[in-house]
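Enquirer: mmCIF, C-alpha atoms and all ligand atoms, saved as upload06.cif, coming up:
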```cif
data_entry
loop_
_atom_site.label_atom_id
_atom_site.label_comp_id
_atom_site.auth_asym_id
_atom_site.auth_seq_id
_atom_site.Cartn_x
_atom_site.Cartn_y
_atom_site.Cartn_z
CA MET A 1 -37.47 -21.80 11.96
CA LYS A 2 -36.87 -19.10 9.33
CA LYS A 3 -39.87 -16.93 8.64
CA LEU A 4 -41.32 -17.00 5.15
CA ILE A 5 -42.02 -13.66 3.47
CA ALA A 6 -44.30 -14.53 0.58
CA GLY A 7 -45.62 -12.16 -2.08
CA ASN A 8 -48.82 -12.89 -3.98
CA TRP A 9 -48.97 -10.68 -7.04
CA LYS A 10 -52.44 -11.90 -8.03
CA LEU A 11 -53.42 -10.62 -11.51
CA ASN A 12 -50.82 -7.83 -11.55
CA GLY A 13 -47.48 -7.05 -13.08
CA ASN A 14 -45.79 -7.45 -16.44
CA PHE A 15 -42.49 -8.72 -17.78
CA ALA A 16 -40.55 -5.48 -17.17
CA MET A 17 -41.87 -5.21 -13.61
CA ALA A 18 -40.92 -8.82 -12.87
CA GLN A 19 -37.40 -8.25 -14.16
CA ALA A 20 -36.92 -5.03 -12.17
CA PHE A 21 -38.31 -6.68 -9.05
CA ASP A 22 -35.94 -9.58 -9.42
CA MET A 23 -32.98 -7.22 -9.68
CA ALA A 24 -34.04 -5.58 -6.41
CA MET A 25 -34.18 -8.99 -4.75
CA MET A 26 -30.60 -9.85 -5.68
CA ASP A 27 -28.96 -8.08 -2.73
CA THR A 28 -31.96 -8.49 -0.46
CA VAL A 29 -31.74 -12.26 -0.24
CA THR A 30 -28.13 -11.91 0.97
CA ASN A 31 -28.58 -8.87 3.21
CA TYR A 32 -31.67 -10.30 4.89
CA ASN A 33 -30.99 -14.00 4.81
CA HIS A 34 -32.65 -14.52 8.20
CA VAL A 35 -35.94 -14.90 6.30
CA ASP A 36 -36.97 -16.82 3.18
CA TRP A 37 -38.15 -14.66 0.27
CA LEU A 38 -40.83 -16.07 -1.99
CA ILE A 39 -42.75 -14.50 -4.88
CA CYS A 40 -45.88 -16.09 -6.30
CA ALA A 41 -46.09 -14.34 -9.66
CA PRO A 42 -48.63 -14.88 -12.46
CA PHE A 43 -47.60 -17.98 -14.44
CA PRO A 44 -45.84 -16.26 -17.40
CA TYR A 45 -43.52 -14.28 -15.13
CA ILE A 46 -42.46 -17.07 -12.79
CA PRO A 47 -39.28 -17.86 -14.76
CA SER A 48 -38.22 -14.19 -14.55
CA LEU A 49 -37.74 -14.51 -10.81
CA GLU A 50 -34.28 -15.93 -10.43
CA ASN A 51 -33.14 -14.42 -7.16
CA CYS A 52 -35.96 -15.34 -4.81
CA ILE A 53 -37.84 -18.55 -4.24
CA ARG A 54 -40.46 -19.15 -6.93
CA GLY A 55 -44.09 -19.93 -6.30
CA ALA A 56 -47.40 -20.12 -8.13
CA GLN A 57 -50.83 -18.86 -7.08
CA ASP A 58 -52.85 -21.93 -8.01
CA CYS A 59 -52.64 -25.20 -9.91
CA SER A 60 -54.96 -27.76 -11.41
CA ALA A 61 -56.54 -30.49 -9.32
CA HIS A 62 -55.65 -32.82 -12.22
CA GLN A 63 -52.28 -34.25 -13.10
CA GLU A 64 -52.65 -34.25 -16.90
CA GLY A 65 -55.14 -34.72 -19.68
CA ALA A 66 -57.93 -32.90 -21.50
CA TYR A 67 -58.24 -29.87 -19.23
CA THR A 68 -57.78 -26.88 -21.52
CA GLY A 69 -56.19 -23.90 -19.83
CA GLU A 70 -55.13 -25.73 -16.69
CA ILE A 71 -51.56 -25.88 -15.35
CA SER A 72 -50.45 -28.86 -13.30
CA ALA A 73 -48.38 -28.91 -10.15
CA ASP A 74 -45.82 -31.10 -11.94
CA MET A 75 -45.41 -28.43 -14.65
CA LEU A 76 -44.83 -25.78 -12.01
CA ALA A 77 -42.24 -27.93 -10.24
CA ASP A 78 -40.67 -28.58 -13.64
CA ILE A 79 -40.02 -24.85 -14.22
CA GLY A 80 -38.51 -24.41 -10.77
CA CYS A 81 -41.39 -23.57 -8.46
CA ASP A 82 -40.97 -24.62 -4.85
CA TYR A 83 -44.32 -23.41 -3.52
CA CYS A 84 -47.92 -23.20 -4.69
CA ILE A 85 -50.67 -21.20 -2.99
CA ASP A 86 -53.82 -23.25 -2.62
CA GLY A 87 -57.35 -22.23 -1.64
CA HIS A 88 -56.82 -18.47 -1.55
CA SER A 89 -60.07 -16.82 -0.47
CA GLU A 90 -60.41 -15.20 -3.90
CA ARG A 91 -60.41 -18.64 -5.51
CA ARG A 92 -62.76 -20.00 -2.87
CA ALA A 93 -65.16 -17.08 -3.45
CA MET A 94 -64.85 -16.49 -7.21
CA HIS A 95 -64.03 -19.96 -8.51
CA GLY A 96 -66.15 -21.99 -6.13
CA GLU A 97 -63.21 -23.85 -4.59
CA THR A 98 -64.44 -25.93 -1.69
CA ASP A 99 -62.29 -27.50 1.03
CA GLU A 100 -62.49 -30.74 -0.96
CA VAL A 101 -61.06 -29.08 -4.09
CA VAL A 102 -58.40 -27.35 -2.01
CA LYS A 103 -57.41 -30.72 -0.56
CA GLU A 104 -57.20 -32.34 -4.01
CA LYS A 105 -55.01 -29.52 -5.30
CA ALA A 106 -52.82 -29.68 -2.22
CA ALA A 107 -52.36 -33.41 -2.81
CA ARG A 108 -51.13 -32.66 -6.37
CA VAL A 109 -48.75 -30.03 -4.97
CA LEU A 110 -47.29 -32.47 -2.44
CA ASP A 111 -47.01 -35.22 -5.09
CA SER A 112 -45.01 -32.81 -7.27
CA GLY A 113 -42.49 -32.22 -4.48
CA MET A 114 -43.52 -28.59 -3.95
CA THR A 115 -44.77 -27.09 -0.69
CA ALA A 116 -48.46 -26.15 -0.48
CA ILE A 117 -49.46 -22.84 1.11
CA ILE A 118 -53.01 -23.64 2.20
CA CYS A 119 -55.09 -20.51 2.84
CA VAL A 120 -57.82 -20.37 5.44
CA GLY A 121 -59.77 -17.53 7.03
CA GLU A 122 -63.18 -16.41 8.17
CA THR A 123 -65.50 -13.86 6.58
CA LEU A 124 -66.61 -10.75 8.43
CA SER A 125 -70.03 -12.20 9.23
CA GLU A 126 -68.43 -15.38 10.59
CA ARG A 127 -66.24 -13.27 12.86
CA GLU A 128 -69.11 -11.08 13.96
CA ALA A 129 -71.01 -14.23 14.90
CA GLY A 130 -67.99 -15.30 17.00
CA ASN A 131 -67.34 -18.38 14.83
CA GLU A 132 -63.87 -17.56 13.51
CA LEU A 133 -61.96 -20.23 15.44
CA ASP A 134 -64.39 -22.98 14.44
CA VAL A 135 -64.50 -21.89 10.79
CA VAL A 136 -60.73 -21.92 10.46
CA GLU A 137 -60.39 -25.20 12.34
CA THR A 138 -62.88 -26.88 10.00
CA GLN A 139 -61.13 -25.49 6.91
CA ILE A 140 -57.80 -26.86 8.12
CA LYS A 141 -59.21 -30.27 9.01
CA LYS A 142 -60.89 -30.59 5.61
CA SER A 143 -58.20 -29.06 3.37
CA LEU A 144 -54.99 -30.77 4.48
CA PRO A 145 -54.02 -34.01 2.70
CA SER A 146 -53.22 -36.90 5.04
CA ASN A 147 -49.50 -36.73 4.19
CA SER A 148 -49.18 -33.03 5.08
CA SER A 149 -46.23 -32.25 7.32
CA ALA A 150 -44.15 -29.26 8.34
CA GLN A 151 -41.81 -30.15 5.46
CA ASN A 152 -44.40 -29.86 2.69
CA THR A 153 -47.22 -27.64 3.98
CA VAL A 154 -47.60 -24.06 5.19
CA ILE A 155 -50.83 -22.62 6.60
CA ALA A 156 -51.74 -19.04 5.70
CA TYR A 157 -54.32 -17.50 8.00
CA GLU A 158 -55.98 -14.72 6.02
CA PRO A 159 -59.18 -13.25 7.43
CA VAL A 160 -61.25 -12.45 4.34
CA TRP A 161 -62.24 -9.03 5.70
CA ALA A 162 -58.57 -8.02 6.02
CA ILE A 163 -57.54 -8.90 2.46
CA GLY A 164 -57.01 -5.86 0.28
CA THR A 165 -58.92 -3.61 2.68
CA GLY A 166 -56.04 -1.84 4.39
CA ARG A 167 -57.47 -3.09 7.68
CA ALA A 168 -55.22 -5.81 9.08
CA ALA A 169 -56.29 -8.00 11.98
CA THR A 170 -55.13 -6.67 15.35
CA ALA A 171 -52.15 -8.24 17.09
CA ASP A 172 -54.55 -9.74 19.65
CA ASP A 173 -56.72 -11.33 16.96
CA VAL A 174 -53.66 -12.77 15.24
CA LEU A 175 -52.16 -14.10 18.49
CA LYS A 176 -55.40 -15.81 19.43
CA MET A 177 -56.01 -17.39 16.03
CA HIS A 178 -52.41 -18.51 15.51
CA ALA A 179 -52.30 -20.09 18.98
CA HIS A 180 -55.51 -21.94 18.14
CA ILE A 181 -54.10 -23.17 14.82
CA ARG A 182 -50.84 -24.22 16.49
CA GLN A 183 -52.75 -26.24 19.06
CA LEU A 184 -54.77 -27.93 16.34
CA LEU A 185 -51.67 -28.76 14.28
CA LYS A 186 -49.87 -30.12 17.34
CA SER A 187 -52.77 -32.36 18.23
CA THR A 188 -53.25 -33.72 14.71
CA LEU A 189 -49.79 -33.90 13.13
CA ALA A 190 -46.49 -35.32 14.34
CA SER A 191 -44.67 -32.24 13.00
CA GLY A 192 -47.39 -29.75 14.01
CA THR A 193 -45.05 -27.74 16.23
CA GLU A 194 -42.84 -26.85 13.26
CA MET A 195 -45.42 -26.18 10.55
CA ARG A 196 -45.23 -22.57 9.43
CA ILE A 197 -48.31 -20.44 10.03
CA LEU A 198 -48.33 -17.23 7.96
CA TYR A 199 -50.55 -14.24 8.55
CA GLY A 200 -52.03 -12.46 5.52
CA GLY A 201 -54.38 -9.52 5.10
CA SER A 202 -53.19 -5.92 4.64
CA VAL A 203 -49.64 -6.59 5.83
CA LYS A 204 -47.58 -3.50 5.00
CA PRO A 205 -44.33 -1.88 6.12
CA SER A 206 -46.14 0.11 8.85
CA ASN A 207 -47.60 -2.93 10.63
CA ALA A 208 -44.96 -5.52 9.77
CA SER A 209 -42.80 -5.26 12.87
CA GLU A 210 -45.82 -5.63 15.15
CA LEU A 211 -47.41 -8.55 13.28
CA MET A 212 -44.34 -10.46 12.13
CA ASN A 213 -42.75 -10.78 15.55
CA LEU A 214 -45.74 -12.28 17.35
CA ASP A 215 -45.71 -15.81 18.79
CA ASN A 216 -46.67 -18.46 16.23
CA VAL A 217 -46.44 -16.03 13.32
CA ASP A 218 -43.93 -17.63 10.96
CA GLY A 219 -44.15 -15.12 8.15
CA ALA A 220 -46.57 -13.27 5.90
CA LEU A 221 -48.57 -13.71 2.74
CA ILE A 222 -48.60 -10.28 1.15
CA GLY A 223 -50.79 -9.06 -1.70
CA GLY A 224 -50.81 -5.33 -2.46
CA ALA A 225 -47.57 -4.50 -0.64
CA SER A 226 -45.68 -7.18 -2.57
CA LEU A 227 -46.03 -5.28 -5.84
CA LYS A 228 -43.42 -2.68 -4.89
CA SER A 229 -40.05 -4.19 -4.05
CA GLU A 230 -39.31 -1.46 -1.44
CA ASP A 231 -42.45 -2.30 0.50
CA PHE A 232 -41.97 -6.03 0.21
CA ILE A 233 -38.36 -5.80 1.37
CA ALA A 234 -39.30 -3.50 4.28
CA ILE A 235 -41.73 -6.15 5.55
CA GLY A 236 -39.07 -8.86 5.62
CA ALA A 237 -36.54 -6.45 7.10
CA ALA A 238 -38.95 -5.86 10.02
CA VAL A 239 -38.57 -9.47 11.15
CA ILE A 240 -36.31 -9.52 14.20
CA LYS A 241 -33.20 -11.64 13.62
P1 LIG B 301 -53.32 -7.98 0.80
O1 LIG B 301 -53.61 -9.46 0.20
O2 LIG B 301 -51.95 -8.02 1.39
O3 LIG B 301 -53.42 -7.07 -0.39
O4 LIG B 301 -54.36 -7.73 1.82
C1 LIG B 301 -53.22 -10.59 0.89
C2 LIG B 301 -53.56 -11.82 0.10
O5 LIG B 301 -54.59 -11.83 -0.60
O6 LIG B 301 -52.84 -12.83 0.14
#
```
The structure given in the file should be rewritten as structure tokens.
Ligand code: PGA
Expert:
Amino acid sequence: MKKLIAGNWKLNGNFAMAQAFDMAMMDTVTNYNHVDWLICAPFPYIPSLENCIRGAQDCSAHQEGAYTGEISADMLADIGCDYCIDGHSERRAMHGETDEVVKEKAARVLDSGMTAIICVGETLSEREAGNELDVVETQIKKSLPSNSSAQNTVIAYEPVWAIGTGRAATADDVLKMHAHIRQLLKSTLASGTEMRILYGGSVKPSNASELMNLDNVDGALIGGASLKSEDFIAIGAAVIK
């Protein structure tokens, strides 16, 4: 399976930056075609990304109707998005998204024909209490729609304490969690062996070769280091062919 190198720009960037970034991706997607390159830009800049795979950072739980300001999964698919991030910890924490909401949104994403990147991860206090495996297992069980498969769903394991802190999880932590998730997916889904499991949380060029080449790590979800094309490209280039 090809690894997925996914950038999440969050609330950053502008039109000129998106255009320059896309230019930098033009050769990259050919030179490093052993991985898939995805950028999840803010909505207005998604169409500017023509050279890499397009994704969104969120979508509405509703299909259409009187929901001012919302953007539906169908609209995103309509403008050429192939992926949509769902249940990022920032949305869970700041927008009150529960596992139930995450599951509803994921269902809209799958209905639209896009692939859902469902984010899960424990907080620091949950880890300190030794509950990280249970927390993540529960999130996965409650957030995945019943028709999730390796073809339409990606899991992103992002420990909340590692996001934007510069402090990535250790290789041992990642190995242990990803093995646990793989086991869970295998035991609950027919295609569980093939479902991609991304790691996210302070992935950068300096830790990419260690983290990206671990067992059951099928790519990365990258925040801060996806804003500079050189850094983003260096992370994908660190994946062993
Ligand atoms: P980070 O963010 O790479 O800046 O830690 C990751 C994410 O939020 O997806």
Enquirer: Please find the residues contacting ligand LIG 301 (chain B) at a distance of at most 6 Å between atoms, with only C-alpha atoms and all ligand atoms counted, and report them as a ChimeraX atom specification.
Expert: /A:8,162-164,200-203,221-225
Enquirer: Write a file of the selected residues as a compact mmCIF listing (two decimals), in the frame of the given file, keeping C-alpha atoms.
Expert:
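Listing of result-v1.txt after writing:
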```txt
# COMPACT_ATOMS: atom_id res chain seq x y z
CA ASN A 8 -48.82 -12.89 -3.98
CA ALA A 162 -58.57 -8.02 6.02
CA ILE A 163 -57.54 -8.90 2.46
CA GLY A 164 -57.01 -5.86 0.28
CA GLY A 200 -52.03 -12.46 5.52
CA GLY A 201 -54.38 -9.52 5.10
CA SER A 202 -53.19 -5.92 4.64
CA VAL A 203 -49.64 -6.59 5.83
CA LEU A 221 -48.57 -13.71 2.74
CA ILE A 222 -48.60 -10.28 1.15
CA GLY A 223 -50.79 -9.06 -1.70
CA GLY A 224 -50.81 -5.33 -2.46
CA ALA A 225 -47.57 -4.50 -0.64
```
Enquirer: Please return as a list in words every residue within 10 Å of (-57.7, -13.2, 7.0), taking into account only C-alpha atoms and the file's own coordinates.
Expert: Ser89, Cys119, Val120, Gly121, Glu122, Thr123, Leu124, Glu132, Val136, Ala156, Tyr157, Glu158, Pro159, Val160, Trp161, Ala162, Ile163, Gly164, Ala168, Ala169, Val174, Tyr199, Gly200, Gly201 and Ser202 of chain A
Enquirer: Can you tell me how far CA of Thr193 in chain A sits from CA of Ile240 in chain A, in Å to one decimal?
Expert: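 Spanning CA of Thr193 in chain A to CA of Ile240 in chain A is a straight-line distance of 20.3 Å.
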Enquirer: Quick one: of A:Gly96, A:Pro205, A:Gly7, A:Gly69, who's nearest to Phe21 in chain A, counting all atoms listed in the file?
Expert: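 Distance minimum relative to Phe21 in chain A lands on A:Gly7.
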Enquirer: Could you tell me which of A:Met26, A:Ile117, A:Leu76, A:Ile85 comes closest to Ile46 in chain A if we count all atoms listed in the file?
Expert: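 Comparing A:Met26, A:Ile117, A:Leu76, A:Ile85 against Ile46 in chain A, the winner is A:Leu76.
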Enquirer: Looking at only C-alpha atoms, which of A:His95, A:Gly192, A:Leu133, A:Pro145 is the one that sits closest to Met177 in chain A?
Expert: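 So, comparing all the options, the nearest one is A:Leu133.
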Enquirer: Please identify all polymer residues within 10 Å of Asn216 in chain A, counting all atoms listed in the file, omitting same-chain residues fewer than 3 positions from it, and present them as a VMD selection string.
Expert: chain A and resid 174 to 182 193 to 199 212 to 213 219
Enquirer: Pick out the closest residue to Phe232 in chain A from this set: A:Thr115, A:Thr28, A:Ser148, A:Thr68. Count all atoms listed in the file.
Expert: A:Thr28
Enquirer: Suppose you want the space between CA of Ile53 in chain A and CA of Asp82 in chain A; what is it in Å?
Expert: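 About the pair CA of Ile53 in chain A and CA of Asp82 in chain A: they are 6.9 Å apart.
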Enquirer: Rank A:Ala208, A:Gly236, A:Met17, A:Ser143 by their smallest atom-to-atom distance to Val101 in chain A, using all atoms listed in the file, and report the top residue only.
Expert: A:Ser143
Enquirer: How many Å lie between CA of Thr188 in chain A and CA of Thr138 in chain A, rounded to one decimal?
Expert: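 The value is 12.7 Å.
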Enquirer: From the list A:Asp27, A:Asp173, A:Glu100, A:Asp231, which residue is nearest Leu144 in chain A when using all atoms listed in the file?
Expert: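 Closest to Leu144 in chain A, using all atoms listed in the file: A:Glu100.
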Enquirer: Quick one: which range 27-108 of chain A residues come within 9 Å of range 11-14 of chain A, and what is the nearest atom pair for each with the distance in Å to one decimal, counting all atoms listed in the file, rows ordered by chain and ascending number, as a tab-separated table?
Expert:
```
residue	atom	partner	partner_atom	distance
A:Ala41	CA	A:Gly13	CA	8.2
A:Pro42	CA	A:Leu11	CA	6.5
A:Pro44	CA	A:Asn14	CA	8.9
A:Tyr45	CA	A:Asn14	CA	7.3
```
Enquirer: Find the nearest atom pair between each residue of range 130-220 of chain A and range 110-113 of chain A for residues within 12 Å, count only C-alpha atoms, give distances in Å to one decimal, sort rows by chain and ascending number, and present the table as a Markdown table.
Expert:
```
| residue | atom | partner | partner_atom | distance |
| --- | --- | --- | --- | --- |
| A:Leu144 | CA | A:Leu110 | CA | 10.5 |
| A:Pro145 | CA | A:Leu110 | CA | 8.6 |
| A:Ser146 | CA | A:Leu110 | CA | 10.5 |
| A:Asn147 | CA | A:Leu110 | CA | 8.2 |
| A:Ser148 | CA | A:Leu110 | CA | 7.8 |
| A:Ser149 | CA | A:Leu110 | CA | 9.8 |
| A:Ala150 | CA | A:Leu110 | CA | 11.7 |
| A:Gln151 | CA | A:Leu110 | CA | 9.9 |
| A:Asn152 | CA | A:Leu110 | CA | 6.4 |
| A:Thr153 | CA | A:Leu110 | CA | 8.0 |
| A:Val154 | CA | A:Leu110 | CA | 11.4 |
```
